[in-house]
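Here is the structure we will look at.
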Amino acid sequence: MDYHDIITIEPGKRSGKPCIRGMRITVYDILEYLAGGMTEAEILEDFSELTSADLKACLAFAADREKKLFVASL
């Protein structure tokens with residue numbers, strides 16, 4: 001999934017954390033909700049401005065960051 005049109009980073013919003021479509025809801029917020037056991041349906045019910053594509057974009061963004069993670073050995 002191409003998340004680049006959904007996940008936005010603005011220096012003055014939420015301290016520059018990745019957000020969804022310029023809103024104040026961060027990728028981290030969504031990942032925390034999912035990790036805490038909320039279902040996609042529950043998140044969408046609580047945040048009517050979000051879509052299923054927004055949640056998938058958060059996961060794609062996190063997966064892409066994980067793929068780029070590099071740990072240097074000593």
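Naming scheme: A, B, ... for chains in displayed order of the structure tokens; residues 1 onward per chain; ligands 1 onward as shown.
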
At a cut-off of 7 Å, can you tabulate as JSON lines every residue of segment 2-29 of chain A near segment 53-58 of chain A together with its closest atom pair and the distance in Å to one decimal, using only C-alpha atoms and ordering rows by chain then number?
```
{"residue": "A:Tyr3", "atom": "CA", "partner": "A:Ala57", "partner_atom": "CA", "distance": 4.8}
{"residue": "A:Ile6", "atom": "CA", "partner": "A:Asp54", "partner_atom": "CA", "distance": 6.6}
{"residue": "A:Ile7", "atom": "CA", "partner": "A:Ala57", "partner_atom": "CA", "distance": 7.0}
{"residue": "A:Ile20", "atom": "CA", "partner": "A:Asp54", "partner_atom": "CA", "distance": 6.7}
{"residue": "A:Val27", "atom": "CA", "partner": "A:Cys58", "partner_atom": "CA", "distance": 5.3}
```

Output for the residues just chosen: N, CA, C and O atoms as a compact mmCIF listing (two decimals), in the first residue's frame:
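Saved result, again.txt, follows:
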```txt
# COMPACT_ATOMS: atom_id res chain seq x y z
N TYR A 3 1.28 4.61 1.31
CA TYR A 3 0.75 5.41 2.42
C TYR A 3 1.13 6.89 2.31
O TYR A 3 0.68 7.71 3.11
N ILE A 6 -1.48 9.53 2.65
CA ILE A 6 -2.30 9.46 3.86
C ILE A 6 -1.51 9.89 5.09
O ILE A 6 -2.00 10.66 5.92
N ILE A 7 -0.29 9.42 5.22
CA ILE A 7 0.53 9.75 6.38
C ILE A 7 1.28 11.05 6.10
O ILE A 7 2.02 11.14 5.12
N ILE A 20 -2.23 11.18 10.48
CA ILE A 20 -3.12 10.71 9.42
C ILE A 20 -3.80 11.91 8.76
O ILE A 20 -4.50 12.67 9.43
N VAL A 27 0.21 8.05 13.84
CA VAL A 27 0.41 6.63 13.55
C VAL A 27 0.61 5.89 14.86
O VAL A 27 0.05 4.82 15.08
```

### Residues near Ile43 of chain A, cut-off 10 Å, only C-alpha atoms, skip fewer than 5 positions along chain, as a ChimeraX atom specification
/A:30,33-34,38,48,50-52,55

### Of the listed residues A:Ser15, A:Glu49, A:Asp29, A:Asp2, that which approaches Ala63 of chain A most closely, counting only C-alpha atoms
A:Asp2

### Message
Let's see if you can do this: from backbone DSSP, list all strand (DSSP E) residues in chain A, as a PyMOL selection string.
### Response
chain A and resi 7-8+19-20

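Comparing A:Glu42, A:Arg14, A:Lys67, A:Phe47 by their smallest distance to Tyr28 of chain A, the closest is A:Arg14 (using only C-alpha atoms).
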
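Residue nearest Glu10 of chain A within the list A:Leu44, A:Gly22, A:Glu32, A:Ala62: A:Gly22 [criterion: smallest interatomic distance, only C-alpha atoms].
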
### Query
Distance atom CA of Glu40 of chain A-atom CA of Lys17 of chain A, one decimal place?
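Those two atoms sit 21.5 Å apart.
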
### Message
I'd like to know which residues of chain A are alpha helix (DSSP H) (by DSSP, run on the backbone); could you write them as a PyMOL selection string?
### Response
chain A and resi 27-35+40-46+52-68

### Query
atom CA of Glu45 of chain A and atom CA of Thr8 of chain A, how far apart in Å?
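Value for the atom CA of Thr8 of chain A-atom CA of Glu45 of chain A distance: 22.4 Å.
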
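Straight-line separation from atom CA of Ala60 of chain A to atom CA of Met23 of chain A: 17.9 Å.
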